[in-house]
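Visitor: What follows is start-v3.cif, made up of mmCIF, C-alpha atoms:
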data_my_file
loop_
_atom_site.label_atom_id
_atom_site.label_comp_id
_atom_site.auth_asym_id
_atom_site.auth_seq_id
_atom_site.Cartn_x
_atom_site.Cartn_y
_atom_site.Cartn_z
CA MET A 283 -81.18 -227.23 90.47
CA ASN A 284 -81.79 -223.50 90.95
CA ARG A 285 -78.73 -221.42 91.90
CA THR A 286 -78.43 -217.86 93.11
CA MET A 287 -75.69 -215.69 91.55
CA THR A 288 -74.72 -212.07 91.74
CA VAL A 289 -74.09 -209.95 88.65
CA ALA A 290 -70.36 -209.94 89.44
CA GLN A 291 -70.34 -213.74 89.75
CA LEU A 292 -72.17 -214.11 86.42
CA SER A 293 -69.78 -211.72 84.70
CA ALA A 294 -66.77 -213.53 86.12
CA TYR A 295 -68.16 -216.89 84.99
CA VAL A 296 -68.87 -215.69 81.44
CA ARG A 297 -65.41 -214.18 81.21
CA GLY A 298 -63.94 -217.49 82.27
CA VAL A 299 -65.89 -219.23 79.51
CA PHE A 300 -64.49 -216.83 76.94
CA ASP A 301 -60.96 -217.18 78.31
CA ASP A 302 -61.09 -221.00 78.30
CA GLU A 303 -62.61 -221.39 74.86
CA GLU A 304 -59.78 -222.13 72.42
CA LEU A 305 -61.92 -221.38 69.37
CA LEU A 306 -62.12 -217.70 70.40
CA HIS A 307 -58.36 -217.16 70.47
CA ASP A 308 -56.05 -216.50 67.55
CA VAL A 309 -58.96 -216.02 65.17
CA THR A 310 -59.04 -214.29 61.78
CA LEU A 311 -62.29 -212.27 61.54
CA VAL A 312 -63.48 -211.16 58.08
CA GLY A 313 -66.02 -208.42 57.30
CA GLU A 314 -66.67 -204.87 56.07
CA VAL A 315 -65.71 -201.77 58.05
CA ALA A 316 -69.05 -200.10 58.89
CA ASP A 317 -67.56 -197.42 61.15
CA ILE A 318 -64.14 -196.35 62.39
CA SER A 319 -62.97 -193.93 65.09
CA TYR A 320 -59.90 -193.14 67.16
CA SER A 321 -59.23 -192.39 70.82
CA ASP A 322 -55.70 -191.39 71.81
CA LYS A 323 -53.54 -194.06 70.14
CA HIS A 324 -56.28 -196.69 69.84
CA THR A 325 -58.36 -197.69 66.80
CA PHE A 326 -62.03 -198.60 67.20
CA LEU A 327 -64.08 -199.98 64.35
CA VAL A 328 -67.31 -201.83 63.69
CA LEU A 329 -66.94 -204.87 61.48
CA ALA A 330 -70.15 -205.87 59.73
CA ASP A 331 -71.39 -208.86 57.81
CA GLY A 332 -74.86 -208.21 56.46
CA ALA A 333 -77.16 -207.47 59.41
CA PHE A 334 -74.55 -208.64 61.97
CA SER A 335 -71.75 -206.54 63.45
CA VAL A 336 -69.14 -206.62 66.22
CA ARG A 337 -67.03 -203.93 67.85
CA CYS A 338 -63.27 -204.32 67.33
CA VAL A 339 -60.33 -202.55 68.94
CA HIS A 340 -56.60 -202.31 68.23
CA PHE A 341 -54.83 -200.87 71.23
CA SER A 342 -51.82 -198.57 70.85
CA SER A 343 -52.26 -198.23 67.08
CA ARG A 344 -53.99 -195.80 64.70
CA ASP A 345 -54.77 -197.91 61.66
CA THR A 346 -55.47 -196.30 58.28
CA ILE A 347 -58.61 -198.09 57.14
CA GLU A 348 -61.48 -196.61 55.13
CA LYS A 349 -65.10 -197.25 55.86
CA GLY A 350 -66.58 -199.78 53.48
CA ALA A 351 -63.31 -201.66 53.06
CA ARG A 352 -63.30 -205.42 53.37
CA VAL A 353 -60.64 -206.50 55.91
CA ALA A 354 -59.39 -209.55 57.78
CA LEU A 355 -58.53 -208.95 61.44
CA ARG A 356 -56.32 -211.34 63.41
CA GLY A 357 -56.94 -211.46 67.13
CA SER A 358 -59.10 -212.86 69.94
CA VAL A 359 -62.63 -212.44 71.28
CA SER A 360 -62.66 -210.58 74.60
CA PHE A 361 -65.37 -210.24 77.23
CA TYR A 362 -65.33 -207.04 79.28
CA ASP A 363 -66.93 -208.14 82.55
CA LYS A 364 -67.54 -204.66 84.04
CA ARG A 365 -69.92 -203.78 81.22
CA ASN A 366 -70.78 -207.27 80.05
CA THR A 367 -69.78 -206.45 76.46
CA VAL A 368 -68.06 -208.55 73.82
CA SER A 369 -65.39 -207.13 71.52
CA PHE A 370 -62.71 -208.42 69.18
CA ASN A 371 -59.18 -207.33 70.08
CA TYR A 372 -57.00 -207.57 67.00
CA SER A 373 -53.27 -207.22 66.62
CA GLU A 374 -52.98 -206.93 62.84
CA PHE A 375 -55.23 -206.41 59.82
CA PHE A 376 -55.20 -207.27 56.11
CA LEU A 377 -57.05 -205.30 53.43
CA GLN A 378 -59.06 -207.50 51.09
CA GLY A 379 -60.53 -204.83 48.80
CA VAL A 380 -63.87 -203.04 48.64
CA GLY A 381 -66.71 -204.42 50.70
CA ASP A 382 -69.96 -205.65 49.23
CA LYS A 383 -71.89 -202.62 50.46
CA ASN A 384 -69.45 -200.15 48.93
CA ALA A 385 -69.25 -202.21 45.77
CA LYS A 386 -73.02 -202.14 45.37
CA LEU A 387 -73.09 -198.41 46.09
CA ALA A 388 -70.33 -197.79 43.54
CA ALA A 389 -72.23 -199.84 40.94
CA VAL A 390 -75.43 -197.85 41.48
CA LYS A 391 -73.49 -194.58 41.40
CA GLU A 392 -71.85 -195.51 38.09
CA LYS A 393 -75.24 -196.52 36.66
CA LEU A 394 -76.80 -193.17 37.59
CA ARG A 395 -73.77 -191.33 36.24
CA SER A 396 -74.04 -193.17 32.90
CA LEU A 397 -77.71 -192.14 32.66
CA GLY A 398 -76.66 -188.49 32.98
CA TYR A 399 -78.42 -188.04 36.32
CA PHE A 400 -75.50 -186.09 37.80
CA GLU A 401 -75.54 -183.42 35.10
CA ASN A 402 -77.85 -180.65 33.84
CA ARG A 403 -79.93 -180.66 36.99
CA PRO A 404 -82.45 -177.80 37.53
CA ARG A 405 -80.68 -174.95 39.30
CA LEU A 406 -82.21 -172.80 41.98
CA PRO A 407 -84.14 -169.77 40.72
CA LYS A 408 -82.80 -166.28 41.29
CA TYR A 409 -85.46 -165.60 43.93
CA ILE A 410 -86.77 -168.03 46.56
CA VAL A 411 -89.85 -167.20 48.64
CA ASN A 412 -91.55 -170.63 48.75
CA VAL A 413 -89.94 -173.97 49.71
CA VAL A 414 -91.22 -177.44 50.56
CA VAL A 415 -89.10 -179.47 52.98
CA VAL A 416 -89.30 -183.26 52.70
CA THR A 417 -88.30 -184.42 56.18
CA SER A 418 -89.47 -185.71 59.53
CA PRO A 419 -91.59 -183.00 61.22
CA ASP A 420 -90.29 -184.06 64.64
CA GLY A 421 -86.56 -184.00 63.89
CA ALA A 422 -83.97 -181.41 64.85
CA ALA A 423 -83.09 -180.92 61.16
CA ILE A 424 -86.31 -179.06 60.29
CA ARG A 425 -85.98 -176.89 63.41
CA ASP A 426 -82.42 -175.91 62.46
CA PHE A 427 -83.46 -175.17 58.88
CA MET A 428 -86.44 -173.00 59.88
CA ARG A 429 -84.46 -171.16 62.56
CA VAL A 430 -81.74 -170.19 60.08
CA VAL A 431 -84.23 -169.09 57.39
CA TYR A 432 -86.60 -167.13 59.64
CA ASP A 433 -83.70 -165.41 61.40
CA LYS A 434 -82.86 -163.50 58.20
CA SER A 435 -85.82 -164.07 55.84
CA PRO A 436 -89.06 -164.24 57.86
CA PHE A 437 -91.12 -163.66 54.70
CA VAL A 438 -90.13 -167.04 53.17
CA ASN A 439 -93.02 -169.53 53.14
CA ILE A 440 -91.85 -172.93 54.43
CA ARG A 441 -94.09 -176.01 54.10
CA VAL A 442 -93.21 -179.48 55.46
CA TYR A 443 -93.96 -182.74 53.65
CA PRO A 444 -93.76 -185.30 56.53
CA VAL A 445 -91.87 -188.56 55.81
CA LYS A 446 -89.61 -191.08 57.52
CA VAL A 447 -85.92 -190.24 57.08
CA GLN A 448 -84.37 -193.54 58.20
CA GLY A 449 -85.22 -197.18 58.48
CA GLU A 450 -87.39 -199.46 56.39
CA GLY A 451 -89.72 -197.68 53.94
CA ALA A 452 -88.06 -194.26 54.38
CA ALA A 453 -86.54 -194.14 50.87
CA ALA A 454 -89.86 -195.10 49.25
CA GLN A 455 -91.74 -192.41 51.22
CA MET A 456 -89.25 -189.71 50.24
CA ALA A 457 -89.24 -190.79 46.57
CA ASN A 458 -93.05 -190.69 46.52
CA ALA A 459 -92.99 -187.21 48.10
CA VAL A 460 -90.56 -185.84 45.48
CA ASN A 461 -92.69 -187.27 42.66
CA LYS A 462 -95.94 -185.85 44.05
CA LEU A 463 -94.41 -182.41 44.58
CA GLN A 464 -93.78 -182.02 40.83
CA LYS A 465 -97.31 -180.57 40.58
CA CYS A 466 -96.73 -178.20 43.49
CA LYS A 467 -96.05 -174.49 42.93
CA THR A 468 -92.84 -173.94 44.86
CA ASP A 469 -89.43 -172.46 44.18
CA ALA A 470 -87.45 -175.43 45.55
CA ILE A 471 -87.67 -178.81 47.28
CA VAL A 472 -85.37 -179.38 50.27
CA LEU A 473 -84.52 -183.00 51.11
CA CYS A 474 -83.54 -182.63 54.74
CA ARG A 475 -82.07 -184.85 57.47
CA GLY A 476 -79.57 -184.33 60.28
CA GLY A 477 -76.42 -186.31 61.00
CA GLY A 478 -76.31 -189.98 61.88
CA SER A 479 -74.44 -193.22 61.31
CA ASP A 480 -73.87 -194.67 57.86
CA GLU A 481 -76.73 -197.09 58.51
CA ASP A 482 -79.05 -194.18 59.38
CA LEU A 483 -78.19 -192.45 56.10
CA ASP A 484 -78.37 -195.58 53.90
CA CYS A 485 -81.86 -194.65 52.65
CA PHE A 486 -80.41 -191.61 50.85
CA ASN A 487 -78.29 -193.98 48.76
CA ASP A 488 -81.41 -195.76 47.54
CA GLU A 489 -81.58 -195.96 43.73
CA GLU A 490 -85.33 -195.22 43.58
CA LEU A 491 -84.98 -192.06 45.70
CA ALA A 492 -81.87 -190.88 43.83
CA THR A 493 -83.70 -191.38 40.52
CA ALA A 494 -86.71 -189.35 41.74
CA VAL A 495 -84.36 -186.52 42.77
CA ALA A 496 -82.50 -186.66 39.43
CA LEU A 497 -85.72 -186.56 37.36
CA SER A 498 -87.32 -183.77 39.39
CA LYS A 499 -88.28 -180.77 37.26
CA LEU A 500 -88.24 -178.62 40.37
CA PRO A 501 -84.85 -177.61 41.85
CA VAL A 502 -83.82 -179.91 44.72
CA ILE A 503 -81.49 -179.03 47.61
CA SER A 504 -79.98 -182.14 49.22
CA ALA A 505 -79.26 -181.36 52.87
CA VAL A 506 -78.38 -184.72 54.38
CA GLY A 507 -76.14 -185.47 57.37
CA HIS A 508 -72.93 -183.56 58.02
CA GLU A 509 -70.56 -181.94 55.54
CA ILE A 510 -68.35 -185.06 55.43
CA ASN A 511 -71.31 -187.26 54.44
CA PHE A 512 -72.01 -187.78 50.73
CA SER A 513 -74.99 -189.69 49.36
CA LEU A 514 -76.36 -190.48 45.92
CA CYS A 515 -79.02 -187.82 46.50
CA ASP A 516 -76.22 -185.24 46.82
CA PHE A 517 -74.95 -186.14 43.34
CA CYS A 518 -78.43 -186.23 41.77
CA ALA A 519 -79.67 -182.96 43.27
CA GLY A 520 -79.07 -179.64 41.55
CA THR A 521 -77.72 -178.18 44.80
CA ARG A 522 -75.93 -179.91 47.69
CA ALA A 523 -75.94 -178.46 51.21
CA GLY A 524 -73.59 -180.00 53.77
CA THR A 525 -76.15 -179.63 56.59
CA PRO A 526 -79.76 -178.45 57.04
CA SER A 527 -78.40 -175.17 58.42
CA ILE A 528 -76.31 -174.63 55.28
CA ALA A 529 -79.46 -175.29 53.22
CA GLY A 530 -81.13 -172.50 55.20
CA GLU A 531 -78.29 -170.12 54.34
CA ILE A 532 -78.62 -171.03 50.64
CA VAL A 533 -82.33 -170.18 50.77
CA ASN A 534 -81.49 -166.92 52.58
CA ALA A 535 -79.06 -165.92 49.82
CA HIS A 536 -81.77 -166.27 47.14
CA ALA A 537 -84.38 -164.56 49.33
CA ALA A 538 -81.98 -161.67 50.02
CA GLN A 539 -81.44 -161.29 46.25
CA LEU A 540 -85.14 -160.46 45.92
CA ILE A 541 -84.88 -157.76 48.59
CA TYR A 542 -81.70 -156.41 46.99
CA ASP A 543 -83.22 -156.22 43.51
CA LEU A 544 -86.45 -154.65 44.82
CA SER A 545 -84.38 -152.04 46.68
CA ALA A 546 -82.29 -151.39 43.55
CA CYS A 547 -85.45 -151.06 41.47
CA ALA A 548 -86.98 -148.67 44.01
CA TYR A 549 -83.75 -146.64 44.03
CA ALA A 550 -83.67 -146.49 40.22
CA MET A 551 -87.31 -145.41 40.12
CA ARG A 552 -86.64 -142.76 42.74
CA GLU A 553 -83.62 -141.47 40.82
CA GLY A 554 -85.60 -141.48 37.56
CA LEU A 555 -88.47 -139.56 39.11
CA ALA A 556 -86.01 -137.12 40.68
CA ALA A 557 -84.37 -136.53 37.28
CA LYS A 558 -87.74 -135.93 35.62
CA TYR A 559 -88.75 -133.66 38.46
CA ASN A 560 -85.54 -131.61 38.19
CA LYS A 561 -85.96 -131.37 34.42
CA ALA A 562 -89.55 -130.20 34.83
CA VAL A 563 -88.49 -127.67 37.47
CA PHE A 564 -85.76 -126.35 35.14
CA SER A 565 -88.21 -126.07 32.23
CA LEU A 566 -90.76 -124.35 34.40
CA SER A 567 -88.08 -122.03 35.73
CA ARG A 568 -87.06 -121.01 32.20
CA LEU A 569 -90.69 -120.60 31.21
CA GLY A 570 -91.30 -118.60 34.35
CA THR A 571 -88.35 -116.31 33.63
CA SER A 572 -89.48 -115.55 30.08
CA THR A 573 -93.08 -115.20 31.18
CA THR A 574 -92.08 -112.89 34.00
CA SER A 575 -90.16 -110.65 31.62
CA ALA A 576 -93.06 -110.47 29.19
CA VAL A 577 -95.56 -109.86 31.97
CA ALA A 578 -93.30 -107.21 33.52
CA ALA A 579 -93.14 -105.38 30.21
CA ARG A 580 -96.90 -105.54 29.76
CA LEU A 581 -97.41 -104.54 33.36
CA GLY A 582 -95.14 -101.52 32.85
CA GLU A 583 -97.19 -100.40 29.91
CA GLY A 584 -100.41 -101.07 31.74
CA TYR A 585 -99.13 -99.31 34.83
CA ASN A 586 -98.43 -96.13 32.91
CA THR A 587 -101.84 -96.24 31.27
CA VAL A 588 -103.59 -96.95 34.55
CA ARG A 589 -101.54 -94.25 36.32
CA SER A 590 -102.53 -91.61 33.75
CA SER A 591 -106.16 -92.68 33.97
CA ALA A 592 -105.97 -92.67 37.76
CA ILE A 593 -104.54 -89.14 37.84
CA LYS A 594 -107.28 -87.91 35.56
CA SER A 595 -109.92 -89.76 37.51
CA GLY A 596 -108.40 -88.41 40.74
CA PHE A 597 -108.85 -84.83 39.61
CA ILE A 598 -112.45 -85.48 38.64
CA LEU A 599 -113.20 -87.29 41.90
CA GLN A 600 -111.53 -84.56 43.92
CA ARG A 601 -113.75 -81.92 42.35
CA LYS A 602 -116.82 -83.98 43.02
CA LEU A 603 -115.69 -84.68 46.60
CA ASP A 604 -115.07 -80.96 47.21
CA ALA A 605 -118.57 -80.14 45.96
CA LYS A 606 -120.09 -82.86 48.15
CA ASN A 607 -118.05 -81.66 51.17
CA ASN A 608 -119.33 -78.11 50.72
CA ALA A 609 -122.92 -79.33 50.50
CA LEU A 610 -122.46 -81.51 53.57
CA SER A 611 -120.95 -78.60 55.54
CA LEU A 612 -123.95 -76.39 54.75
CA SER A 613 -126.36 -79.16 55.71
CA ALA A 614 -124.45 -79.80 58.94
CA ASP A 615 -124.56 -76.12 59.89
CA ARG A 616 -128.30 -75.92 59.25
CA LEU A 617 -128.88 -79.10 61.24
CA LYS A 618 -126.74 -77.81 64.10
CA THR A 619 -128.72 -74.52 64.25
CA ALA A 620 -132.08 -76.28 64.15
CA THR A 621 -131.00 -78.80 66.78
CA GLY A 622 -129.77 -76.03 69.10
CA GLN A 623 -133.12 -74.26 68.94
CA ARG A 624 -135.04 -77.46 69.69
CA LEU A 625 -132.74 -78.24 72.62
CA ASN A 626 -133.26 -74.78 74.12
CA GLU A 627 -137.03 -75.16 73.86
CA ARG A 628 -136.89 -78.56 75.54
CA ARG A 629 -134.57 -77.28 78.26
CA VAL A 630 -136.98 -74.42 79.16
CA ARG A 631 -139.93 -76.82 79.30
CA CYS A 632 -137.94 -79.26 81.51
CA ASP A 633 -137.07 -76.42 83.91
CA LYS A 634 -140.79 -75.52 84.30
CA LEU A 635 -141.75 -79.14 84.94
CA THR A 636 -138.94 -79.48 87.49
CA ALA A 637 -140.18 -76.47 89.41
CA LEU A 638 -143.71 -77.86 89.38
CA LEU A 639 -142.62 -81.29 90.60
CA SER A 640 -140.56 -79.68 93.33
CA ALA A 641 -143.60 -77.76 94.54
CA LEU A 642 -145.73 -80.90 94.58
CA ASP A 643 -143.09 -83.12 96.26
CA PRO A 644 -144.67 -84.44 99.52
CA HIS A 645 -141.28 -84.93 101.11
CA ARG A 646 -140.58 -81.25 100.76
CA ILE A 647 -143.81 -80.50 102.61
CA ILE A 648 -142.99 -83.04 105.32
CA LYS A 649 -139.54 -81.51 105.80
CA ILE A 650 -141.09 -78.15 106.76
CA GLY A 651 -143.17 -79.69 109.61
CA TYR A 652 -146.13 -81.43 108.04
CA ALA A 653 -146.81 -85.18 108.44
CA ALA A 654 -148.42 -87.76 106.20
CA VAL A 655 -151.34 -89.78 107.70
CA MET A 656 -151.25 -93.55 106.94
CA ARG A 657 -153.62 -96.40 107.78
CA ASP A 658 -152.90 -99.92 106.75
CA LYS A 659 -150.14 -98.68 104.47
CA LEU A 660 -152.64 -96.41 102.67
CA ARG A 661 -152.32 -92.65 102.62
CA ILE A 662 -155.32 -90.80 104.18
CA LYS A 663 -156.25 -87.83 102.02
CA SER A 664 -159.50 -86.75 103.77
CA ALA A 665 -160.96 -86.72 107.30
CA ARG A 666 -163.97 -88.52 105.93
CA GLU A 667 -161.80 -91.59 105.55
CA LEU A 668 -161.36 -91.83 109.36
CA LYS A 669 -163.59 -92.76 112.27
CA PRO A 670 -163.05 -92.75 116.02
CA ASN A 671 -160.71 -95.40 117.47
CA ASP A 672 -158.90 -95.85 114.11
CA GLU A 673 -155.20 -96.49 114.59
CA ILE A 674 -153.15 -94.31 112.31
CA LYS A 675 -149.50 -93.55 111.69
CA LEU A 676 -148.07 -90.08 111.35
CA VAL A 677 -145.09 -90.10 109.04
CA PHE A 678 -142.65 -87.22 109.73
CA ASP A 679 -139.36 -86.46 108.05
CA SER A 680 -137.52 -87.61 111.17
CA GLY A 681 -139.67 -90.75 111.96
CA VAL A 682 -143.09 -92.33 112.49
CA ALA A 683 -145.63 -91.87 115.33
CA THR A 684 -148.67 -94.04 116.08
CA ALA A 685 -151.97 -92.40 117.23
CA VAL A 686 -155.63 -93.29 117.86
CA VAL A 687 -158.47 -91.12 116.45
CA LYS A 688 -160.70 -89.85 119.26
CA GLU A 689 -163.03 -87.71 117.22
CA VAL A 690 -163.67 -86.93 113.55
CA LYS A 691 -165.10 -83.59 112.38
CA THR A 692 -165.59 -82.89 108.69
CA LYS A 693 -166.56 -79.71 106.79
CA GLY A 694 -169.96 -79.30 105.24
#
Turn this file's structure into structure tokens for me.
Guide:
Amino acid sequence: MNRTMTVAQLSAYVRGVFDDEELLHDVTLVGEVADISYSDKHTFLVLADGAFSVRCVHFSSRDTIEKGARVALRGSVSFYDKRNTVSFNYSEFFLQGVGDKNAKLAAVKEKLRSLGYFENRPRLPKYIVNVVVVTSPDGAAIRDFMRVVYDKSPFVNIRVYPVKVQGEGAAAQMANAVNKLQKCKTDAIVLCRGGGSDEDLDCFNDEELATAVALSKLPVISAVGHEINFSLCDFCAGTRAGTPSIAGEIVNAHAAQLIYDLSACAYAMREGLAAKYNKAVFSLSRLGTSTTSAVAARLGEGYNTVRSSAIKSGFILQRKLDAKNNALSLSADRLKTATGQRLNERRVRCDKLTALLSALDPHRIIKIGYAAVMRDKLRIKSARELKPNDEIKLVFDSGVATAVVKEVKTKG
């Protein structure tokens, strides 16, 4: 028969089932502590058994229990109806030693230690300008790493080898990446992942991946999780960084060393060149001083010789100049006399021509009462050029008069 229930009714019913079930009360629960945290005076932990886990709480108590420990908790199963969650409320606990997970991890760690994988690892080179980051290209870890590096060392070349960094197959992918990168020309490999739960970081405790990191001929920086997290990769790597951002600062320190050494080299070269320059200037100055003295002495001797020769030459030139001046003065006087005579002759001739032109000037004749006869803008010089009824113009000094020829009489 189908029934209709509200969420509150279902929650209340399930809680009643948990409360009435005797098997869920006064139970001793055994498992490994996968996670532990505190809030006020309460202790919260996750108890795991293989792939299964349950949240446990001890109210009003802060229990000192390490993660990975195997414990027995005495308490009861509780159903929280407002959130529909199941938890185990315990009142006391009993430590039973190291859990299977921690025991296995400790065994692998001791095996790697005995093989010498924690020692004599390749250290980072003095200068870093090229790095390959083995990480998820979509995670926040690579963004934090690149931001820190490019903030101070934008010239560093960062390449990303994309892999999974948690879950099934992640350890194998990262191990394969580290092995393949042995043929790559890079200054360092950065194994990078941000924080997460112990389960999220389990892949970095994988024996195959830790072995690949330990056998790497290239320096490896292990930048996994937070500073409190330690993994087998941290022990096998030549350099451990607590976080991806700290790994970025490590790279910056080696990149800055390159800039510092280049600056020191440039300064030393500049100082060396300055010293050589000053030495050359000093040598040239001494050479110049001695040369100047020698040249001054030779110049003094030469000056006296040249001065004597100049005085002698001056006397000779002066005599020649005086003779030339006298000759020029005589020539100038003769030229002046001849020019004066020619000018007088020209002046007399010009006066005669002026008088003649004045006598022949038609305007002068017109001014004394005569008139010029014009026809069609042509001057009439003879009566033969006219005929009766011709219209003519009489040009006087004071104006022009128009007339008509009535009769023409000519001589001869």
Visitor: Name the closest residue to Leu329 in chain A among the candidates A:Gln291, A:Ser343, A:Ser591, A:Asn371; distances are taken between atoms, counting only C-alpha atoms.
Guide: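 So, comparing all the options, the nearest one is A:Asn371.
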Visitor: Written as number ranges by chain, which residues does the PyMOL selection byres ((chain A and resi 472-482) around 10) give for the file shown?
Guide: A: 316-317, 349-350, 413-418, 421-424, 426-427, 442-443, 446-449, 456, 459-460, 470-471, 483-486, 495, 501-511, 513, 515-516, 519, 521-527, 529-530, 533
Visitor: Closest to Glu374 in chain A among A:Val438, A:Cys338, A:Leu355, A:Val299, using only C-alpha atoms?
Guide: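 Under the stated criterion, the closest residue is A:Leu355.
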Visitor: Measuring atom to atom with only C-alpha atoms, identify which of A:Asp604, A:Ile318, A:Val690, A:Ser369 is nearest to Arg337 in chain A.
Guide: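 Residue with the minimum atom-to-atom distance to Arg337 in chain A: A:Ser369.
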Visitor: For the file shown, report as a list in words the outcome of the PyMOL selection byres ((chain A and resi 491) around 9) at residue level.
Guide: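 Taken on the displayed file, the PyMOL selection byres ((chain A and resi 491) around 9) yields the residues Ala453, Ala454, Gln455, Met456, Ala457, Asn458, Val460, Cys485, Phe486, Asn487, Asp488, Glu489, Glu490, Ala492, Thr493, Ala494, Val495, Ala496, Leu514 and Cys515 of chain A.
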Visitor: Could you state which residues are captured by the PyMOL selection byres ((chain A and resi 331) around 10) in this file, as an MDAnalysis selection string?
Guide: chainID A and resid 312:316 329:330 332:336 352 381:383
Visitor: In Å, how far is it from CA of Arg441 in chain A to CA of Tyr409 in chain A?
Guide: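 Here the two named atoms are 16.9 Å from each other.
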Visitor: CA of Leu540 in chain A and CA of Lys434 in chain A are how many Å apart?
Guide: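 Taking CA of Leu540 in chain A as the start and CA of Lys434 in chain A as the end point, the length is 12.9 Å.
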Visitor: Between A:Pro436, A:Ala354, A:Ile410, A:Phe517, which is the closest to Arg395 in chain A once you count all atoms listed in the file?
Guide: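 Using all atoms listed in the file, Arg395 in chain A sits closest to A:Phe517.
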Visitor: Could you check how far CA of Lys558 in chain A sits from CA of Ser575 in chain A, in Å to one decimal?
Guide: 25.7 Å
Visitor: Could you check the closest approach to Val686 in chain A for each of A:Lys391, A:Arg356, A:Arg666, A:Arg657 and tell me which residue wins, using all atoms listed in the file?
Guide: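 Of A:Lys391, A:Arg356, A:Arg666, A:Arg657, the one nearest Val686 in chain A is A:Arg657, counting all atoms listed in the file.
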Visitor: Of the candidates A:Asn366, A:Thr692, A:Thr571, A:Gln623, which one gets nearest to Tyr295 in chain A if we count all atoms listed in the file?
Guide: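 Closest to Tyr295 in chain A, using all atoms listed in the file: A:Asn366.
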Visitor: Please complete range 310-321 of chain A so it has N, CA, C and O atoms, and hand it over as a JSON list (two decimals), in the frame of the given file.
Guide:
[["chain", "number", "residue", "atom", "x", "y", "z"],
["A", 310, "THR", "N", -59.02, -215.29, 62.85],
["A", 310, "THR", "CA", -59.04, -214.29, 61.78],
["A", 310, "THR", "C", -60.50, -213.98, 61.46],
["A", 310, "THR", "O", -61.25, -214.87, 61.03],
["A", 311, "LEU", "N", -60.89, -212.70, 61.71],
["A", 311, "LEU", "CA", -62.29, -212.27, 61.54],
["A", 311, "LEU", "C", -62.40, -211.45, 60.28],
["A", 311, "LEU", "O", -61.65, -210.47, 60.09],
["A", 312, "VAL", "N", -63.33, -211.81, 59.38],
["A", 312, "VAL", "CA", -63.48, -211.16, 58.08],
["A", 312, "VAL", "C", -64.82, -210.42, 58.01],
["A", 312, "VAL", "O", -65.85, -210.94, 58.46],
["A", 313, "GLY", "N", -64.80, -209.20, 57.46],
["A", 313, "GLY", "CA", -66.02, -208.42, 57.30],
["A", 313, "GLY", "C", -65.75, -207.06, 56.67],
["A", 313, "GLY", "O", -64.63, -206.79, 56.23],
["A", 314, "GLU", "N", -66.79, -206.22, 56.64],
["A", 314, "GLU", "CA", -66.67, -204.87, 56.07],
["A", 314, "GLU", "C", -66.64, -203.85, 57.19],
["A", 314, "GLU", "O", -67.38, -203.97, 58.18],
["A", 315, "VAL", "N", -65.81, -202.83, 57.03],
["A", 315, "VAL", "CA", -65.71, -201.77, 58.05],
["A", 315, "VAL", "C", -66.93, -200.86, 57.92],
["A", 315, "VAL", "O", -67.06, -200.10, 56.96],
["A", 316, "ALA", "N", -67.84, -200.93, 58.91],
["A", 316, "ALA", "CA", -69.05, -200.10, 58.89],
["A", 316, "ALA", "C", -68.81, -198.74, 59.53],
["A", 316, "ALA", "O", -69.44, -197.75, 59.17],
["A", 317, "ASP", "N", -67.85, -198.69, 60.48],
["A", 317, "ASP", "CA", -67.56, -197.42, 61.15],
["A", 317, "ASP", "C", -66.16, -197.52, 61.74],
["A", 317, "ASP", "O", -65.71, -198.61, 62.11],
["A", 318, "ILE", "N", -65.48, -196.36, 61.82],
["A", 318, "ILE", "CA", -64.14, -196.35, 62.39],
["A", 318, "ILE", "C", -63.93, -195.04, 63.13],
["A", 318, "ILE", "O", -64.40, -193.98, 62.70],
["A", 319, "SER", "N", -63.26, -195.12, 64.29],
["A", 319, "SER", "CA", -62.97, -193.93, 65.09],
["A", 319, "SER", "C", -61.68, -194.17, 65.86],
["A", 319, "SER", "O", -61.17, -195.30, 65.96],
["A", 320, "TYR", "N", -61.18, -193.07, 66.45],
["A", 320, "TYR", "CA", -59.90, -193.14, 67.16],
["A", 320, "TYR", "C", -60.03, -192.46, 68.52],
["A", 320, "TYR", "O", -60.78, -191.49, 68.66],
["A", 321, "SER", "N", -59.30, -192.99, 69.49],
["A", 321, "SER", "CA", -59.23, -192.39, 70.82],
["A", 321, "SER", "C", -57.79, -192.54, 71.30],
["A", 321, "SER", "O", -57.30, -193.67, 71.49]]
